[in-house]
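Everything on this sheet refers to the single structure shown next.
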Amino acid sequence: MRLEAVGKRYGVRQPWVVRDVSADVAAGRLIRLQGRNGSGKSTLLRVVAGVTSTSRGRVTGRPPTGYVPERFPGSLPFSGRDYLLHMARLHGLPGDAGRQRVDEWLDRLGATSYAAAPLRDLSKGMCQKVAIAQALLSRPGLLVLDEAWTGLDQAARAALDEAVIERTADGGRVIFVDHDPARLAGRADERWRFDDAGRVQVTRGDAATAPPVTEASRSATESAGVIIELTGVEADSLSRLANLPGVLSAAEIAAPGIASGHGVAAAKTDRADRAGAGPVRALIQVTEPRSDAVLRHVLAWDGVHVVEVRRAGDP
Amino acid sequence: MTALLRYQAAILLRSNRWILPLIAYGVLVFSGAVGGRQAGPPWLSLADGLDWSAAMLIPVVAFLTRSMLTAEPDASRACVAAATSTVRAQLAALLVALGGGLLLAVAGTCFEVLANPAVTGKSAGFLGNVAATVTHPETLTAGLAMTAVCLLVGSAVGALFNPPLLRHPAAAMLATLAAAIFALASDVSPAGAALRHASSAQSQHWPSAVNVLSAACLLAITWSASLFAATRRDTRSASPA
């Protein structure tokens, strides 16, 4: 995807809000957009998402896009779930495929309990979750987030962080604005900074917060991997584990499992009442950059306990 | 596009924005029939009745189009536009309003066929009226052509004087009303010209080919303008109410 000398103004006599922005947005890029209030961030995001046209220049090669607006007023005459089903159809996911994704995202964002309530009865945070879910449903090739984290609870913010990393790992492009400088710190591949004239300066790497992650160092850490041992895993949720982003393998193991070694970080242990029950023990292998996210995810599951976490090479 | 039409139709149905146009059209069509009879015999003929129900489509479809163009908040329209395209999202809203108008037109035509005699000045009961229409189908066909002209003109008026082309709510509503009256009263409008030509004719009220063509052109031009304006939609100006 390419931005070619993109300019935007709202009317012929209006000042230029965005001026002469050119950039290549390669697959898998995570881009943080920065600037003062009113500097044109939202406008540029709208242009990138294809929500409004450019006044000059053009955007080419834009993949299917998910867009999360800054504010999502719940004044549509639908329940959250019905709205998401409509959006799934618009994203080309009809019928059961759409229903599955809708339920998956409602669950991941922790919005299942009020999914049946009318949108206009929902709080700002709840509406925001619906807005995020609609953008992520189709695993879009371009995800545009305009302060999508504001108003979310802690768990949903973590889920959104995770979803963003997941998109880029899948080769999707993500462009976001957020006022928290710690948001996805060290993850962004590029920073686009607005000056007061509506021009954008592109910096490689998330220089403000962390050294850039080079391709070489990334592949080195990814090849290592982390092994997580779990108890209390329902047999049918093994495939769900295997489908988590970053999970290389997930397998059931014999009852007592691997003898726990010394210096093991056991996040939660609950061996006594779990041994021999219906749920099984499982070993999953995860890439190192994704291990925290997977752990966070697994810890939130009812009945599942993390009994061991170790590096893949270790005995 | 099917998904978009379904989404927009669901908005129209679930938001209850269809109720007011339905009531307004019902009252207008019914009062036309009653008024025509009170003027004394000969009773309103089917041709006159069809012209009346067609003419009343113009304001009703214009306001129905307005309802559809203001139903979706900018933020959710933006999400839809990102998933599909701004042009198709807007086109779906216009098409659903036109489809709603078509349903009203069908209902109005059925009412006129049941209530008015096709030939003589005296109503012969519902069945008698229907039978008379069947034996003289050209009256109905001419009425349907008139209905189509008015439907297109009503949709054109609604598209031209409402968001995103005209965003200020009060200005948009007054302009829509004024334009609908103008479209009925002036010979410049294809619908006005067709209706006036019809009332001077004796039996069948055919709109001329020029009227039909210019109504279609008017629709194409106004819809194009609305679609184009939708691509430069701006959240910062007055939000539609």
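Letters A, B, ... go to the chains of the structure tokens in the order shown; residues in each chain start at 1; ligands are counted from 1 in the same order.
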Handout entry: Proximal residues of chain B relative to chain A (only C-alpha atoms; 10 Å) as JSON, numbers by chain
Key = {"B": [1, 2, 3, 4, 5, 6, 7, 8, 10, 11, 12, 13, 14, 15, 16, 71, 72, 73, 74, 75, 76, 77, 78, 79, 80, 81, 82, 83, 84, 85, 86, 87, 228, 229, 230, 231, 232, 233, 234, 235, 236, 237]}
Just write the chosen residues, C-alpha atoms, as an mmCIF file, in the first residue's frame.
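So the final result, stored in again-v8.cif, reads:
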```
data_model
loop_
_atom_site.group_PDB
_atom_site.id
_atom_site.type_symbol
_atom_site.label_atom_id
_atom_site.label_comp_id
_atom_site.auth_asym_id
_atom_site.auth_seq_id
_atom_site.Cartn_x
_atom_site.Cartn_y
_atom_site.Cartn_z
ATOM 1 C CA MET B 1 -23.868 -4.853 -2.218
ATOM 2 C CA THR B 2 -26.532 -7.304 -0.983
ATOM 3 C CA ALA B 3 -25.087 -7.091 2.528
ATOM 4 C CA LEU B 4 -25.141 -3.289 2.328
ATOM 5 C CA LEU B 5 -28.760 -3.214 1.168
ATOM 6 C CA ARG B 6 -29.708 -5.609 3.935
ATOM 7 C CA TYR B 7 -27.893 -3.452 6.506
ATOM 8 C CA GLN B 8 -29.576 -0.240 5.321
ATOM 9 C CA ALA B 10 -32.538 -3.199 8.671
ATOM 10 C CA ILE B 11 -31.748 0.353 9.808
ATOM 11 C CA LEU B 12 -34.909 1.639 8.102
ATOM 12 C CA LEU B 13 -37.105 -1.064 9.655
ATOM 13 C CA ARG B 14 -35.616 -1.181 13.133
ATOM 14 C CA SER B 15 -35.358 2.592 13.559
ATOM 15 C CA ASN B 16 -39.098 2.951 12.795
ATOM 16 C CA ALA B 71 -30.222 7.455 9.812
ATOM 17 C CA GLU B 72 -26.605 6.438 10.217
ATOM 18 C CA PRO B 73 -24.219 8.367 12.492
ATOM 19 C CA ASP B 74 -21.015 9.499 10.778
ATOM 20 C CA ALA B 75 -18.834 7.205 12.862
ATOM 21 C CA SER B 76 -20.653 4.021 11.948
ATOM 22 C CA ARG B 77 -20.912 5.118 8.320
ATOM 23 C CA ALA B 78 -17.121 5.504 8.411
ATOM 24 C CA CYS B 79 -16.741 1.899 9.604
ATOM 25 C CA VAL B 80 -19.035 0.702 6.819
ATOM 26 C CA ALA B 81 -17.185 2.799 4.239
ATOM 27 C CA ALA B 82 -13.828 1.354 5.322
ATOM 28 C CA ALA B 83 -15.214 -2.162 4.970
ATOM 29 C CA THR B 84 -16.854 -1.508 1.587
ATOM 30 C CA SER B 85 -16.611 1.921 -0.047
ATOM 31 C CA THR B 86 -18.077 5.351 0.560
ATOM 32 C CA VAL B 87 -19.887 5.311 -2.783
ATOM 33 C CA PHE B 228 -19.670 12.268 -4.923
ATOM 34 C CA ALA B 229 -20.389 14.377 -1.833
ATOM 35 C CA ALA B 230 -20.373 11.223 0.294
ATOM 36 C CA THR B 231 -16.753 10.525 -0.652
ATOM 37 C CA ARG B 232 -15.717 13.854 0.856
ATOM 38 C CA ARG B 233 -17.905 13.522 3.900
ATOM 39 C CA ASP B 234 -16.572 15.657 6.712
ATOM 40 C CA THR B 235 -17.256 14.858 10.348
ATOM 41 C CA ARG B 236 -16.476 18.355 11.515
ATOM 42 C CA SER B 237 -19.349 20.225 9.907
#
```
Exercise for the section: Quick one: pick out all strand (DSSP E or B) residues within segment 118-255 of chain A from a backbone DSSP run and write them as number ranges by chain. Expected result: A: 118, 142-146, 173-177, 190-194, 200-204, 226-233, 247-253
Problem - Close residues, Leu91 of chain B itself excluded, 9 Å, only C-alpha atoms, min 6 positions apart in chain, as a ChimeraX atom specification - result: /B:5,223,226-227
Exercise for the section: Give the helix (DSSP H, G or I) residues of segment 80-182 of chain A, as DSSP finds them on the backbone, and put them as a PyMOL selection string. Expected result: chain A and resi 80-90+95-108+112-114+119-121+124-136+154-169
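When only C-alpha atoms are used to measure the gap to Arg296 of chain A, the shortest distance among A:Lys129, A:Arg108, A:Arg167, A:Arg187 belongs to A:Arg108.
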Fill in the blank from the handout: Among A:Gly57, A:Pro181, A:Gly225, A:Gly246, Asp20 of chain A is approached most closely, using only C-alpha atoms, by A:Gly57
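With atom CA of Pro59 of chain B on one side and atom CA of Ala191 of chain B on the other, the separation reads 11.8 Å.
You can rank A:Gly40, A:Pro279, A:Gly141, A:Gly125 by their closest distance to Gly61 of chain A using only C-alpha atoms, and at the top of that list sits A:Gly141.
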Practice task
Do a neighbour search on Gly192 of chain B at 10 Å with only C-alpha atoms, toss out local chain neighbours closer than 5 positions, and write the hits as an NGL selection string.
Solution key: :B and (55 or 149-150 or 153 or 181-187 or 197-198 or 211)
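Ranking A:Arg32, A:Arg240, A:Arg157, A:Arg193 by their shortest atom-to-atom distance to Val298 of chain A, with only C-alpha atoms included, puts A:Arg240 first.
As for atom CA of Ala312 of chain A and atom CA of Leu248 of chain A, they are spaced 11.4 Å apart.
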Exercise for the section: Quote the spacing between atom CA of Ile132 of chain A and atom CA of Glu234 of chain A in Å to one decimal place. Expected result: 28.8 Å
